[in-house]
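Below is one structure, written out as structure tokens; the observations come after it.
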Amino acid sequence: MSHHARHRRPAERTTASRTALTLAFTGATAALPLLHGVPVQAASRSGGPVSTAKPSSTPAAGARPTEVVHVVRPGENLTEIARHLGVSGGWPAVYAENRTTIGSDPDFIRPGERLLVTVPAAPPRSGRITRPGPVRSAAAPTAAAPAAPTTPTTPTTPTAPAAPAAPAAPAARADDVTGAVPAPDGIPGSWTSVFDDEFNGNSLDTANWSTGWQGSGITQPVGPTEQECYDPSEVSVGGGYLHLTAAPKPEECGGQIRPYASGMVTTEGLHSFSHGAFEARVYLPASADGQVANWPAWWVDGQSWPQDGEMDIMEGLSGTTCFHYHDPSGGPGGCAGTGPGWHVFGATWEGDQVTYYYDGHQVGTLTTDGNSAPQYLILNNAVGGAGGQNTADTMLVDYVRVWQQS
């Protein structure tokens, strides 16, 4: 039986062709419920420019607009806040007033941010929305909103159309809420953290990651069937997430013009690990058919393929999510179709066994040839090849964590 290799990396640092996708996988295959998946639309990405001018409001006669401080809660977006507070001008008005606080991307606001919002007299409820959602680290600060005038009024009809909702925040885990030292999701054992990037800053941590595939700047893809060049401009950090965007932007790499530019990060030359538990919480975009779009992947690789091994923790193949382990003895694996949306993808590598966990549930165990060569971490949003339907969209990563046995 032929085996599908996520990324075949030969020695001498050259790129070899991937094998064709084979649906007759070996190894265990299990079906999982969609634990954290949510329908997704992009906020304020309607194709037109985002207005930064402060729109005028026309409150009811005799009513005076007032300013309230809204403390952002997890899971909220500007559209919801504007609608809830009856803001004239909708989300563009909220963004215009708070551009300095929010930054250049209105899609991403952070829990605990204080937004100054001009509302009609007597806003619909209060300056805060009590919606359940995750707390990514320490609890968000709370501040009571200023008292609103008691004169009731009817909120003015918004002058701008409401933007679609941004991808909902991932469901909270126990360690997110309590602030406890993170532990692998559903993975038994006693573990010590050896790597943890929560992507809480405003730029990629270059002490942890570099961009592209075996090079700097715009690089060629891993295999010839992919339709993207890896471009550092499609990698960003903001709103608490790593963003790996696949954009319809023709670029030349490896002597060929490809129709997409996309994002990839690796820890090659910075961090490598022999054995342990590996986990990432990832948002997978949906394609038009409702399946996982493109060929996203979360995997680790050795310096000399296949002698040093390749562990594919998650890769989107033909619209579903699959796992494999490649070494000189072969590349067995299976699929556990989680669908698009937010999911936690993990694996343990101990001795000659790799066990895979999706959303805290064991989905398969594979036997290796006993290789113990260090492997580095990789996240990428490939297009074409063995992936699902091509979609210009962004793969988000909430965190990447690695543990080793205590």
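We label chains A, B, ... in the order they appear in the structure tokens, count residues from 1 in each chain, and number ligands from 1 in the order shown.
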Please provide the set of residues having any atom within 12 Å of Gly388 in chain A, restricted to only C-alpha atoms, with same-chain residues fewer than 5 positions apart removed, written as a ChimeraX atom specification.
/A:21,226,284-296,315-321,339-340,381-383
I need the strand (DSSP E or B) residues of range 160-316 of chain A per DSSP on the backbone, written as a VMD selection string.
chain A and resid 191 to 197 210 to 211 219 226 228 to 230 235 to 238 241 to 245 247 251 to 253 256 to 258 260 to 262 264 to 266 272 to 273 276 to 284 286 292 295 to 301 310 to 316
My list of candidates is A:Val282, A:Ala183, A:Ala297, A:Ala392. Which is closest to Pro167 in chain A when distances are computed with only C-alpha atoms?
A:Val282
Which residues are close to range 348-353 of chain A, i.e. within 10 Å by only C-alpha atoms, leaving aside same-chain residues fewer than 4 positions away? Reply as a PyMOL selection string.
chain A and resi 184+187-188+274-279+311+313+325+357+365-372+402-405
Near Trp298 in chain A, counting only C-alpha atoms, which residues have an atom at most 6 Å away, once you skip same-chain residues fewer than 3 positions from it, shown as a PyMOL selection string?
chain A and resi 313-314+378-379
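Considering only C-alpha atoms, the residue among A:Thr118, A:Ser210, A:Asn202, A:Thr267 positioned nearest to Leu242 in chain A is A:Asn202.
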Tell me, as a PyMOL selection string, which residues lie within 12 Å of Thr100 in chain A, counting only C-alpha atoms; anything in the same chain fewer than 5 positions away does not count.
chain A and resi 52+94-95+105-106+109+113-116
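The shortest atom-to-atom distance to Tyr358 in chain A, with only C-alpha atoms taken into account, belongs to A:Ala280 out of A:Val181, A:Val300, A:Ile218, A:Ala280.
Among A:Asp359, A:Gly201, A:Gly239, A:Val222, the residue with the shortest atom-to-atom distance to Ser104 in chain A, counting only C-alpha atoms, is A:Gly239.
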